[in-house]
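Have a look at my_file_27.cif; it's mmCIF, C-alpha atoms:
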```
data_input
#
loop_
_atom_site.label_atom_id
_atom_site.label_comp_id
_atom_site.auth_asym_id
_atom_site.auth_seq_id
_atom_site.Cartn_x
_atom_site.Cartn_y
_atom_site.Cartn_z
CA MET W 157 -10.04 4.75 17.91
CA SER W 158 -9.68 5.64 14.23
CA TYR W 159 -6.62 7.31 12.76
CA LEU W 160 -5.39 8.71 9.48
CA VAL W 161 -1.81 7.80 8.55
CA ILE W 162 0.16 10.42 6.63
CA GLN W 163 3.56 9.46 5.20
CA GLY W 164 5.95 11.00 2.71
CA LEU W 165 9.52 11.83 1.87
CA ASP W 166 9.03 15.35 3.23
CA VAL W 167 6.06 15.79 5.56
CA GLN W 168 5.87 19.41 6.71
CA THR W 169 3.96 20.88 9.65
CA PRO W 170 1.67 23.02 7.43
CA HIS W 171 0.71 19.85 5.55
CA LEU W 172 -0.31 18.10 8.76
CA LYS W 173 -2.27 21.09 10.04
CA GLU W 174 -4.22 21.39 6.80
CA ILE W 175 -4.97 17.65 6.67
CA ALA W 176 -6.05 17.75 10.34
CA LYS W 177 -8.44 20.57 9.45
CA LEU W 178 -9.85 18.67 6.45
CA SER W 179 -10.28 15.44 8.40
CA GLY W 180 -11.36 16.89 11.73
CA SER W 181 -8.61 14.98 13.51
CA THR W 182 -8.04 15.90 17.15
CA ARG W 183 -4.39 14.95 17.66
CA ILE W 184 -1.25 14.52 15.56
CA GLU W 185 1.25 11.86 16.64
CA ASN W 186 4.74 11.58 15.18
CA ARG W 187 5.44 7.87 14.68
CA GLY W 188 8.97 8.34 13.30
CA HIS W 189 10.38 7.67 9.82
CA ASN W 190 8.20 10.49 8.42
CA ALA W 191 4.98 8.75 9.46
CA PHE W 192 2.25 10.60 11.36
CA TRP W 193 -1.03 9.45 12.87
CA LEU W 194 -3.92 11.92 12.91
CA HIS W 195 -6.27 10.55 15.55
CA ASP W 196 -10.08 10.36 15.50
CA TYR W 197 -10.71 11.67 12.00
CA LYS W 198 -14.28 12.75 11.26
CA SER W 199 -14.17 13.20 7.49
CA GLN W 200 -12.29 11.92 4.44
CA ASN W 201 -13.38 14.78 2.19
CA GLY W 202 -10.53 16.53 0.40
CA VAL W 203 -7.75 14.49 1.99
CA ALA W 204 -6.86 12.44 -1.10
CA GLU W 205 -6.77 15.53 -3.31
CA TYR W 206 -4.61 17.47 -0.87
CA CYS W 207 -2.19 14.56 -0.38
CA ALA W 208 -1.81 14.12 -4.14
CA GLN W 209 -0.89 17.79 -4.48
CA ALA W 210 1.55 17.61 -1.55
CA LYS W 211 3.01 14.25 -2.70
CA LEU W 212 2.03 12.44 0.46
CA ASP W 213 0.63 8.96 1.02
CA PHE W 214 -2.41 8.51 3.25
CA ALA W 215 -4.39 5.66 4.78
CA PHE W 216 -7.60 5.77 6.78
CA ILE W 217 -7.43 3.16 9.54
CA PRO W 218 -10.89 2.65 11.10
CA ALA W 219 -9.59 0.64 14.07
CA PRO W 220 -6.04 0.21 15.42
CA ARG W 221 -4.14 -3.02 14.81
CA LYS W 222 -0.73 -4.24 15.84
CA LEU W 223 1.68 -5.60 13.27
CA SER W 224 1.90 -8.72 15.43
CA ASP W 225 -1.83 -9.29 14.83
CA PHE W 226 -0.81 -10.46 11.33
CA ARG W 227 0.90 -13.76 10.53
CA LEU W 228 1.93 -13.55 6.87
CA LEU W 229 3.37 -10.95 4.49
CA VAL W 230 3.07 -11.77 0.77
CA MET W 231 4.97 -9.67 -1.78
CA ASP W 232 5.50 -9.49 -5.50
CA MET W 233 9.13 -9.25 -6.62
CA ASP W 234 9.59 -7.23 -9.83
CA SER W 235 9.01 -3.51 -9.30
CA THR W 236 7.95 -4.26 -5.72
CA LEU W 237 10.63 -5.96 -3.62
CA ILE W 238 13.21 -5.02 -6.26
CA THR W 239 13.34 -1.97 -8.50
CA ILE W 240 13.51 -3.71 -11.88
CA GLU W 241 11.50 -6.03 -14.11
CA THR W 242 13.92 -8.93 -14.47
CA ILE W 243 12.63 -10.09 -17.85
CA ASP W 244 13.10 -6.59 -19.30
CA GLU W 245 16.68 -6.39 -18.05
CA LEU W 246 17.53 -9.85 -19.40
CA ALA W 247 16.14 -8.77 -22.77
CA ASP W 248 18.40 -5.73 -22.59
CA LEU W 249 21.37 -8.11 -22.68
CA VAL W 250 20.26 -9.20 -26.16
CA GLY W 251 19.39 -5.68 -27.28
CA ARG W 252 15.60 -6.10 -27.16
CA LYS W 253 14.63 -4.34 -23.93
CA ALA W 254 12.27 -1.77 -25.48
CA GLU W 255 10.30 -4.46 -27.29
CA VAL W 256 9.96 -6.68 -24.22
CA ALA W 257 9.32 -3.79 -21.81
CA ALA W 258 6.37 -2.68 -23.94
CA VAL W 259 4.81 -6.15 -23.63
CA THR W 260 5.54 -6.20 -19.87
CA ALA W 261 3.81 -2.84 -19.42
CA GLN W 262 0.74 -4.06 -21.30
CA ALA W 263 0.59 -7.19 -19.16
CA MET W 264 0.96 -5.26 -15.89
CA ARG W 265 -1.88 -2.94 -16.93
CA GLY W 266 -4.01 -6.00 -17.62
CA GLU W 267 -4.30 -5.25 -21.34
CA ILE W 268 -3.08 -8.62 -22.64
CA GLU W 269 -3.30 -12.19 -21.38
CA TYR W 270 -0.44 -12.84 -18.96
CA ASN W 271 0.65 -16.36 -19.93
CA GLU W 272 0.91 -15.46 -23.60
CA SER W 273 2.76 -12.24 -22.81
CA LEU W 274 5.30 -14.12 -20.69
CA ARG W 275 5.89 -16.78 -23.35
CA ARG W 276 6.50 -14.03 -25.93
CA ARG W 277 8.98 -12.28 -23.66
CA VAL W 278 10.84 -15.43 -22.63
CA ALA W 279 11.20 -16.51 -26.28
CA VAL W 280 13.39 -13.46 -26.83
CA LEU W 281 15.96 -14.95 -24.44
CA GLN W 282 16.67 -18.01 -26.60
CA GLY W 283 20.41 -18.53 -26.95
CA LEU W 284 21.37 -16.18 -24.14
CA PRO W 285 24.02 -17.78 -21.87
CA GLU W 286 22.71 -19.00 -18.52
CA SER W 287 25.43 -16.90 -16.87
CA ALA W 288 23.37 -13.83 -17.83
CA LEU W 289 21.18 -14.44 -14.78
CA GLU W 290 24.18 -14.11 -12.47
CA GLN W 291 25.23 -10.96 -14.30
CA LEU W 292 21.69 -9.61 -13.93
CA TYR W 293 21.61 -10.29 -10.20
CA THR W 294 25.03 -8.80 -9.55
CA GLU W 295 24.75 -5.73 -11.74
CA ARG W 296 21.07 -4.80 -11.81
CA VAL W 297 19.03 -6.28 -8.97
CA ARG W 298 18.51 -3.61 -6.32
CA LEU W 299 16.09 -3.70 -3.39
CA SER W 300 13.33 -1.12 -3.37
CA PRO W 301 13.62 1.66 -0.77
CA GLY W 302 12.60 0.48 2.68
CA ALA W 303 12.65 -3.22 1.76
CA GLU W 304 15.16 -4.30 4.39
CA ARG W 305 13.49 -2.25 7.14
CA LEU W 306 10.10 -3.75 6.25
CA ILE W 307 11.46 -7.30 6.33
CA GLU W 308 13.26 -6.74 9.63
CA GLY W 309 10.10 -5.22 11.13
CA VAL W 310 7.73 -7.99 10.12
CA LYS W 311 10.17 -10.67 11.22
CA ARG W 312 10.44 -8.99 14.62
CA ALA W 313 6.64 -9.04 14.84
CA GLY W 314 6.63 -12.78 14.10
CA LEU W 315 5.25 -12.79 10.54
CA LYS W 316 6.30 -15.28 7.88
CA ILE W 317 7.22 -13.91 4.43
CA LEU W 318 6.22 -15.30 1.03
CA LEU W 319 7.68 -13.90 -2.20
CA VAL W 320 5.57 -14.64 -5.30
CA SER W 321 6.86 -13.70 -8.73
CA GLY W 322 6.36 -14.04 -12.44
CA GLY W 323 10.13 -13.59 -12.52
CA PHE W 324 12.66 -16.35 -12.17
CA THR W 325 13.82 -18.78 -9.51
CA HIS W 326 17.48 -17.81 -9.90
CA VAL W 327 16.68 -14.36 -8.51
CA THR W 328 14.03 -15.34 -5.96
CA ASP W 329 16.26 -18.06 -4.49
CA LYS W 330 19.12 -15.60 -4.03
CA LEU W 331 16.79 -13.07 -2.39
CA LYS W 332 15.39 -15.78 -0.14
CA ALA W 333 18.86 -16.63 1.13
CA ARG W 334 19.98 -12.99 1.38
CA LEU W 335 16.92 -11.68 3.21
CA GLY W 336 15.89 -14.78 5.13
CA LEU W 337 12.52 -15.15 3.42
CA ASP W 338 10.41 -18.14 4.39
CA HIS W 339 8.82 -19.10 1.06
CA VAL W 340 9.25 -18.22 -2.64
CA ARG W 341 7.33 -19.12 -5.81
CA ALA W 342 8.60 -18.15 -9.28
CA ASN W 343 9.12 -19.34 -12.86
CA THR W 344 11.96 -21.56 -14.05
CA LEU W 345 13.72 -20.80 -17.33
CA GLY W 346 14.56 -23.70 -19.61
CA VAL W 347 18.30 -24.25 -20.15
CA LYS W 348 20.14 -26.53 -22.59
CA ASP W 349 23.90 -26.70 -23.11
CA GLY W 350 24.36 -23.64 -20.89
CA LYS W 351 21.95 -21.44 -22.86
CA PHE W 352 18.32 -20.45 -22.43
CA THR W 353 15.92 -22.38 -24.63
CA GLY W 354 13.42 -19.51 -24.82
CA GLU W 355 10.85 -21.62 -22.96
CA LEU W 356 9.67 -22.07 -19.38
CA VAL W 357 9.85 -25.28 -17.36
CA GLY W 358 6.76 -26.32 -15.45
CA ARG W 359 3.63 -24.38 -14.63
CA ILE W 360 3.66 -20.64 -15.31
CA VAL W 361 3.45 -18.54 -12.16
CA ASN W 362 0.59 -16.26 -13.15
CA ALA W 363 -2.09 -14.47 -11.12
CA ASP W 364 -3.87 -17.73 -10.24
CA VAL W 365 -0.69 -19.46 -9.10
CA LYS W 366 0.32 -16.47 -7.00
CA ARG W 367 -3.07 -16.64 -5.29
CA GLU W 368 -2.72 -20.40 -4.78
CA ALA W 369 0.71 -19.91 -3.20
CA LEU W 370 -0.73 -17.40 -0.73
CA LEU W 371 -3.60 -19.72 0.18
CA GLU W 372 -1.29 -22.73 0.54
CA VAL W 373 1.17 -20.98 2.83
CA GLY W 374 -1.61 -19.26 4.75
CA ASP W 375 -3.29 -22.60 5.36
CA ARG W 376 -0.01 -24.22 6.36
CA ILE W 377 0.70 -21.65 9.06
CA GLY W 378 -2.94 -21.21 10.10
CA ALA W 379 -3.29 -17.60 8.95
CA THR W 380 -6.78 -16.28 8.29
CA LYS W 381 -7.44 -13.70 5.56
CA ASP W 382 -7.52 -10.98 8.21
CA GLN W 383 -3.98 -11.96 9.25
CA ILE W 384 -2.37 -11.48 5.82
CA ILE W 385 -0.72 -8.38 4.33
CA ALA W 386 -0.20 -8.36 0.55
CA ILE W 387 1.88 -5.93 -1.51
CA GLY W 388 1.98 -5.73 -5.31
CA ASP W 389 2.13 -3.38 -8.26
CA GLY W 390 0.68 -5.08 -11.37
CA ALA W 391 -2.61 -6.49 -12.60
CA ASN W 392 -1.34 -10.04 -12.09
CA ASP W 393 -1.03 -9.29 -8.36
CA LEU W 394 -4.71 -8.46 -7.85
CA LYS W 395 -5.86 -12.03 -7.23
CA PHE W 396 -3.45 -12.68 -4.39
CA MET W 397 -3.99 -9.19 -3.00
CA SER W 398 -7.74 -9.87 -2.83
CA GLU W 399 -7.05 -12.74 -0.42
CA ALA W 400 -5.40 -10.45 2.15
CA GLY W 401 -6.89 -8.54 5.03
CA ALA W 402 -4.62 -5.62 4.15
CA SER W 403 -3.66 -4.97 0.52
CA ILE W 404 -1.10 -2.33 -0.49
CA ALA W 405 -0.48 -1.05 -4.01
CA TYR W 406 3.21 -0.16 -4.19
CA HIS W 407 4.08 2.50 -6.81
CA ALA W 408 1.48 0.62 -8.79
CA LYS W 409 -0.49 0.70 -12.02
CA PRO W 410 -3.84 2.57 -11.84
CA VAL W 411 -5.89 -0.64 -11.95
CA VAL W 412 -4.08 -1.88 -8.83
CA ARG W 413 -4.32 1.43 -6.96
CA SER W 414 -8.06 1.48 -7.60
CA LYS W 415 -8.60 -1.94 -6.00
CA ALA W 416 -6.09 -2.01 -3.14
CA GLN W 417 -7.00 -0.81 0.34
CA TYR W 418 -3.92 1.40 0.55
CA SER W 419 -1.54 2.93 -1.98
CA PHE W 420 2.07 3.98 -1.57
CA ASP W 421 3.03 6.32 -4.38
CA TYR W 422 5.89 8.15 -2.63
CA VAL W 423 7.22 6.26 0.40
CA GLY W 424 9.19 3.02 0.39
CA LEU W 425 8.04 -0.46 1.30
CA ASP W 426 8.63 0.27 4.97
CA GLY W 427 5.59 2.54 4.80
CA ALA W 428 3.66 -0.63 5.67
CA LEU W 429 5.17 -0.45 9.15
CA GLY W 430 3.69 3.02 9.61
CA LEU W 431 0.16 1.66 9.36
CA TYR W 432 0.30 -0.47 12.48
CA SER W 433 1.44 -0.16 16.09
#
```
Take the structure in this file and express it as structure tokens.
Amino acid sequence: MSYLVIQGLDVQTPHLKEIAKLSGSTRIENRGHNAFWLHDYKSQNGVAEYCAQAKLDFAFIPAPRKLSDFRLLVMDMDSTLITIETIDELADLVGRKAEVAAVTAQAMRGEIEYNESLRRRVAVLQGLPESALEQLYTERVRLSPGAERLIEGVKRAGLKILLVSGGFTHVTDKLKARLGLDHVRANTLGVKDGKFTGELVGRIVNADVKREALLEVGDRIGATKDQIIAIGDGANDLKFMSEAGASIAYHAKPVVRSKAQYSFDYVGLDGALGLYS
């Protein structure tokens, strides 16, 4: 039984009727939280264009799966689990956000080499008091819409959760404790005499390391590729997303949307729950 999932902030009946006509679906099922399943679609023609115009997210599911069929959820942090890019906001505290944000944007679009881009951005933080990380977490870190509902849902279904980030351990560790995440992998900022050195400690968590973290945790818990869900937004997420049976581009850059199985441009992270029974 195939189905087409339609989700959005405001899904109206005329929208569903028109999409049912385009897709040849035989039945519309309200799944709650503004998610609808259009059963037994016959065609995909015109659906993407209509949904873009109506500001709706869509996903063609060729065969039904339960969320409990999966064993691992892997997520990026910056601009995915949380609404900000932590490095950009730290740079704002030294008055250099615009400069750093421009480099971040280039890196997320895959236009410049990630390790070099991160070193350039971290160097800006030299001399900033270590307490700035606590200030950042308290004042600026906010969960993306639907994050808590997604985490509660996957935990209920028995999945483990891995957070992988080019951001920093101070933030990922706090989120791990707050949300009850199972595993985190992130970068560590160098500190001397209570101030950032402008350098990183240890191996840089780049696209390859994110992928390795997914494979390591997946192997540890016995999860096959088909049992992994991956969510990201930037070019440095593509390698770990390619190792998942279900990949979701969350409010993502075009290069990520083009390669992911599903894209959420309007709904929150909990849209992932709408894809599975």
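Counting only C-alpha atoms and comparing W:Ala391, W:Val365, W:Ala333, W:Val411, the residue that lies closest to Ser321 (chain W) is W:Val365.
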Could you expand the PyMOL selection byres ((chain W and resi 294-304) around 9) into the explicit residues it covers here, written as a ChimeraX atom specification? /W:235-240,242,245,289-293,305-309,327,335,423-427
Residues as selected, C-alpha atoms, written as a compact mmCIF listing (two decimals), in the coordinates of the input, can you do that?
```txt
# COMPACT_ATOMS: atom_id res chain seq x y z
CA SER W 235 9.01 -3.51 -9.30
CA THR W 236 7.95 -4.26 -5.72
CA LEU W 237 10.63 -5.96 -3.62
CA ILE W 238 13.21 -5.02 -6.26
CA THR W 239 13.34 -1.97 -8.50
CA ILE W 240 13.51 -3.71 -11.88
CA THR W 242 13.92 -8.93 -14.47
CA GLU W 245 16.68 -6.39 -18.05
CA LEU W 289 21.18 -14.44 -14.78
CA GLU W 290 24.18 -14.11 -12.47
CA GLN W 291 25.23 -10.96 -14.30
CA LEU W 292 21.69 -9.61 -13.93
CA TYR W 293 21.61 -10.29 -10.20
CA ARG W 305 13.49 -2.25 7.14
CA LEU W 306 10.10 -3.75 6.25
CA ILE W 307 11.46 -7.30 6.33
CA GLU W 308 13.26 -6.74 9.63
CA GLY W 309 10.10 -5.22 11.13
CA VAL W 327 16.68 -14.36 -8.51
CA LEU W 335 16.92 -11.68 3.21
CA VAL W 423 7.22 6.26 0.40
CA GLY W 424 9.19 3.02 0.39
CA LEU W 425 8.04 -0.46 1.30
CA ASP W 426 8.63 0.27 4.97
CA GLY W 427 5.59 2.54 4.80
```
Counting all atoms listed in the file, find the residues whose atoms lie at most 10 Å from (8.3, -4.7, 11.7) (file coordinates) and write them out as a VMD selection string. chain W and resid 222 to 224 305 to 315 426 428 to 430 432 to 433
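With only C-alpha atoms as the atoms that count, the residue of W:Ala191, W:Ile175, W:Ile387, W:Val250 with the shortest distance to Gln163 (chain W) is W:Ala191.
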Name the residues that the PyMOL selection byres ((chain W and resi 257) around 12) picks from the file above, as a list in words, using the file's chain letters and numbers. Ile240, Glu241, Thr242, Ile243, Asp244, Glu245, Leu246, Ala247, Asp248, Gly251, Arg252, Lys253, Ala254, Glu255, Val256, Ala258, Val259, Thr260, Ala261, Gln262, Ala263, Met264, Ser273, Leu274, Arg276, Arg277, Val278 and Val280 of chain W
Next, the residues of the selection above should be written as a PDB file, in the frame of the given file with C-alpha atoms.
```pdb
ATOM      1  CA  ILE W 240      13.510  -3.710 -11.880  1.00  0.00           C
ATOM      2  CA  GLU W 241      11.500  -6.030 -14.110  1.00  0.00           C
ATOM      3  CA  THR W 242      13.920  -8.930 -14.470  1.00  0.00           C
ATOM      4  CA  ILE W 243      12.630 -10.090 -17.850  1.00  0.00           C
ATOM      5  CA  ASP W 244      13.100  -6.590 -19.300  1.00  0.00           C
ATOM      6  CA  GLU W 245      16.680  -6.390 -18.050  1.00  0.00           C
ATOM      7  CA  LEU W 246      17.530  -9.850 -19.400  1.00  0.00           C
ATOM      8  CA  ALA W 247      16.140  -8.770 -22.770  1.00  0.00           C
ATOM      9  CA  ASP W 248      18.400  -5.730 -22.590  1.00  0.00           C
ATOM     10  CA  GLY W 251      19.390  -5.680 -27.280  1.00  0.00           C
ATOM     11  CA  ARG W 252      15.600  -6.100 -27.160  1.00  0.00           C
ATOM     12  CA  LYS W 253      14.630  -4.340 -23.930  1.00  0.00           C
ATOM     13  CA  ALA W 254      12.270  -1.770 -25.480  1.00  0.00           C
ATOM     14  CA  GLU W 255      10.300  -4.460 -27.290  1.00  0.00           C
ATOM     15  CA  VAL W 256       9.960  -6.680 -24.220  1.00  0.00           C
ATOM     16  CA  ALA W 258       6.370  -2.680 -23.940  1.00  0.00           C
ATOM     17  CA  VAL W 259       4.810  -6.150 -23.630  1.00  0.00           C
ATOM     18  CA  THR W 260       5.540  -6.200 -19.870  1.00  0.00           C
ATOM     19  CA  ALA W 261       3.810  -2.840 -19.420  1.00  0.00           C
ATOM     20  CA  GLN W 262       0.740  -4.060 -21.300  1.00  0.00           C
ATOM     21  CA  ALA W 263       0.590  -7.190 -19.160  1.00  0.00           C
ATOM     22  CA  MET W 264       0.960  -5.260 -15.890  1.00  0.00           C
ATOM     23  CA  SER W 273       2.760 -12.240 -22.810  1.00  0.00           C
ATOM     24  CA  LEU W 274       5.300 -14.120 -20.690  1.00  0.00           C
ATOM     25  CA  ARG W 276       6.500 -14.030 -25.930  1.00  0.00           C
ATOM     26  CA  ARG W 277       8.980 -12.280 -23.660  1.00  0.00           C
ATOM     27  CA  VAL W 278      10.840 -15.430 -22.630  1.00  0.00           C
ATOM     28  CA  VAL W 280      13.390 -13.460 -26.830  1.00  0.00           C
TER      29      VAL W 280
END
```
Exactly which residues make up the result of the PyMOL selection byres ((chain W and resi 162) around 12) on this file, given as a ChimeraX atom specification? /W:159-161,163-169,171-176,179,184-195,203-204,206-208,210-217,418-420,422-423,427-428,430-431
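Here CA of Ser181 (chain W) and CA of Glu205 (chain W) stand 16.9 Å from one another.
Residues with any atom within 9 Å of Lys351 (chain W), counting all atoms listed in the file and excluding same-chain neighbours fewer than 2 positions away, are Leu281, Gln282, Gly283, Leu284, Pro285, Glu286, Ser287, Gly346, Val347, Lys348, Asp349, Thr353 and Gly354 of chain W.
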Completed region 280-312 of chain W (N, CA and C atoms) as a compact mmCIF listing (two decimals), keeping the file's coordinate frame:
```txt
# COMPACT_ATOMS: atom_id res chain seq x y z
N VAL W 280 12.33 -14.39 -26.42
CA VAL W 280 13.39 -13.46 -26.83
C VAL W 280 14.74 -13.87 -26.25
N LEU W 281 14.72 -14.60 -25.14
CA LEU W 281 15.96 -14.95 -24.44
C LEU W 281 16.66 -16.17 -25.03
N GLN W 282 16.08 -16.80 -26.03
CA GLN W 282 16.67 -18.01 -26.60
C GLN W 282 18.11 -17.76 -27.05
N GLY W 283 19.01 -18.64 -26.58
CA GLY W 283 20.41 -18.53 -26.95
C GLY W 283 21.26 -17.70 -26.02
N LEU W 284 20.61 -16.98 -25.11
CA LEU W 284 21.37 -16.18 -24.14
C LEU W 284 22.05 -17.11 -23.13
N PRO W 285 23.33 -16.90 -22.81
CA PRO W 285 24.02 -17.78 -21.87
C PRO W 285 23.36 -17.76 -20.49
N GLU W 286 23.30 -18.91 -19.84
CA GLU W 286 22.71 -19.00 -18.52
C GLU W 286 23.40 -18.07 -17.52
N SER W 287 24.67 -17.79 -17.75
CA SER W 287 25.43 -16.90 -16.87
C SER W 287 24.85 -15.48 -16.83
N ALA W 288 23.98 -15.16 -17.80
CA ALA W 288 23.37 -13.83 -17.83
C ALA W 288 22.53 -13.57 -16.57
N LEU W 289 21.97 -14.62 -15.99
CA LEU W 289 21.18 -14.44 -14.78
C LEU W 289 22.05 -13.99 -13.61
N GLU W 290 23.26 -14.54 -13.53
CA GLU W 290 24.18 -14.11 -12.47
C GLU W 290 24.62 -12.68 -12.70
N GLN W 291 24.87 -12.34 -13.95
CA GLN W 291 25.23 -10.96 -14.30
C GLN W 291 24.09 -10.01 -13.94
N LEU W 292 22.86 -10.42 -14.26
CA LEU W 292 21.69 -9.61 -13.93
C LEU W 292 21.61 -9.37 -12.44
N TYR W 293 21.75 -10.44 -11.65
CA TYR W 293 21.61 -10.29 -10.20
C TYR W 293 22.70 -9.38 -9.64
N THR W 294 23.90 -9.57 -10.09
CA THR W 294 25.03 -8.80 -9.55
C THR W 294 24.98 -7.33 -9.95
N GLU W 295 24.64 -7.08 -11.21
CA GLU W 295 24.75 -5.73 -11.74
C GLU W 295 23.47 -4.91 -11.66
N ARG W 296 22.31 -5.57 -11.64
CA ARG W 296 21.07 -4.80 -11.81
C ARG W 296 20.02 -4.98 -10.73
N VAL W 297 20.05 -6.07 -9.99
CA VAL W 297 19.03 -6.28 -8.97
C VAL W 297 19.32 -5.39 -7.76
N ARG W 298 18.40 -4.49 -7.47
CA ARG W 298 18.51 -3.61 -6.32
C ARG W 298 17.20 -3.65 -5.55
N LEU W 299 17.29 -3.70 -4.22
CA LEU W 299 16.09 -3.70 -3.39
C LEU W 299 15.40 -2.35 -3.46
N SER W 300 14.09 -2.37 -3.41
CA SER W 300 13.33 -1.12 -3.37
C SER W 300 13.58 -0.41 -2.05
N PRO W 301 13.43 0.91 -2.02
CA PRO W 301 13.62 1.66 -0.77
C PRO W 301 12.75 1.10 0.35
N GLY W 302 13.34 0.95 1.51
CA GLY W 302 12.60 0.48 2.68
C GLY W 302 12.39 -1.01 2.77
N ALA W 303 12.90 -1.77 1.78
CA ALA W 303 12.65 -3.22 1.76
C ALA W 303 13.26 -3.91 2.99
N GLU W 304 14.50 -3.61 3.28
CA GLU W 304 15.16 -4.30 4.39
C GLU W 304 14.53 -3.93 5.73
N ARG W 305 14.15 -2.67 5.89
CA ARG W 305 13.49 -2.25 7.14
C ARG W 305 12.14 -2.94 7.29
N LEU W 306 11.39 -3.05 6.20
CA LEU W 306 10.10 -3.75 6.25
C LEU W 306 10.31 -5.20 6.68
N ILE W 307 11.25 -5.89 6.04
CA ILE W 307 11.46 -7.30 6.33
C ILE W 307 11.92 -7.50 7.77
N GLU W 308 12.81 -6.65 8.23
CA GLU W 308 13.26 -6.74 9.63
C GLU W 308 12.09 -6.51 10.58
N GLY W 309 11.24 -5.54 10.25
CA GLY W 309 10.10 -5.22 11.13
C GLY W 309 9.08 -6.33 11.22
N VAL W 310 8.74 -6.93 10.07
CA VAL W 310 7.73 -7.99 10.12
C VAL W 310 8.29 -9.26 10.76
N LYS W 311 9.56 -9.51 10.55
CA LYS W 311 10.17 -10.67 11.22
C LYS W 311 10.13 -10.49 12.73
N ARG W 312 10.46 -9.27 13.19
CA ARG W 312 10.44 -8.99 14.62
C ARG W 312 9.04 -9.20 15.19
```
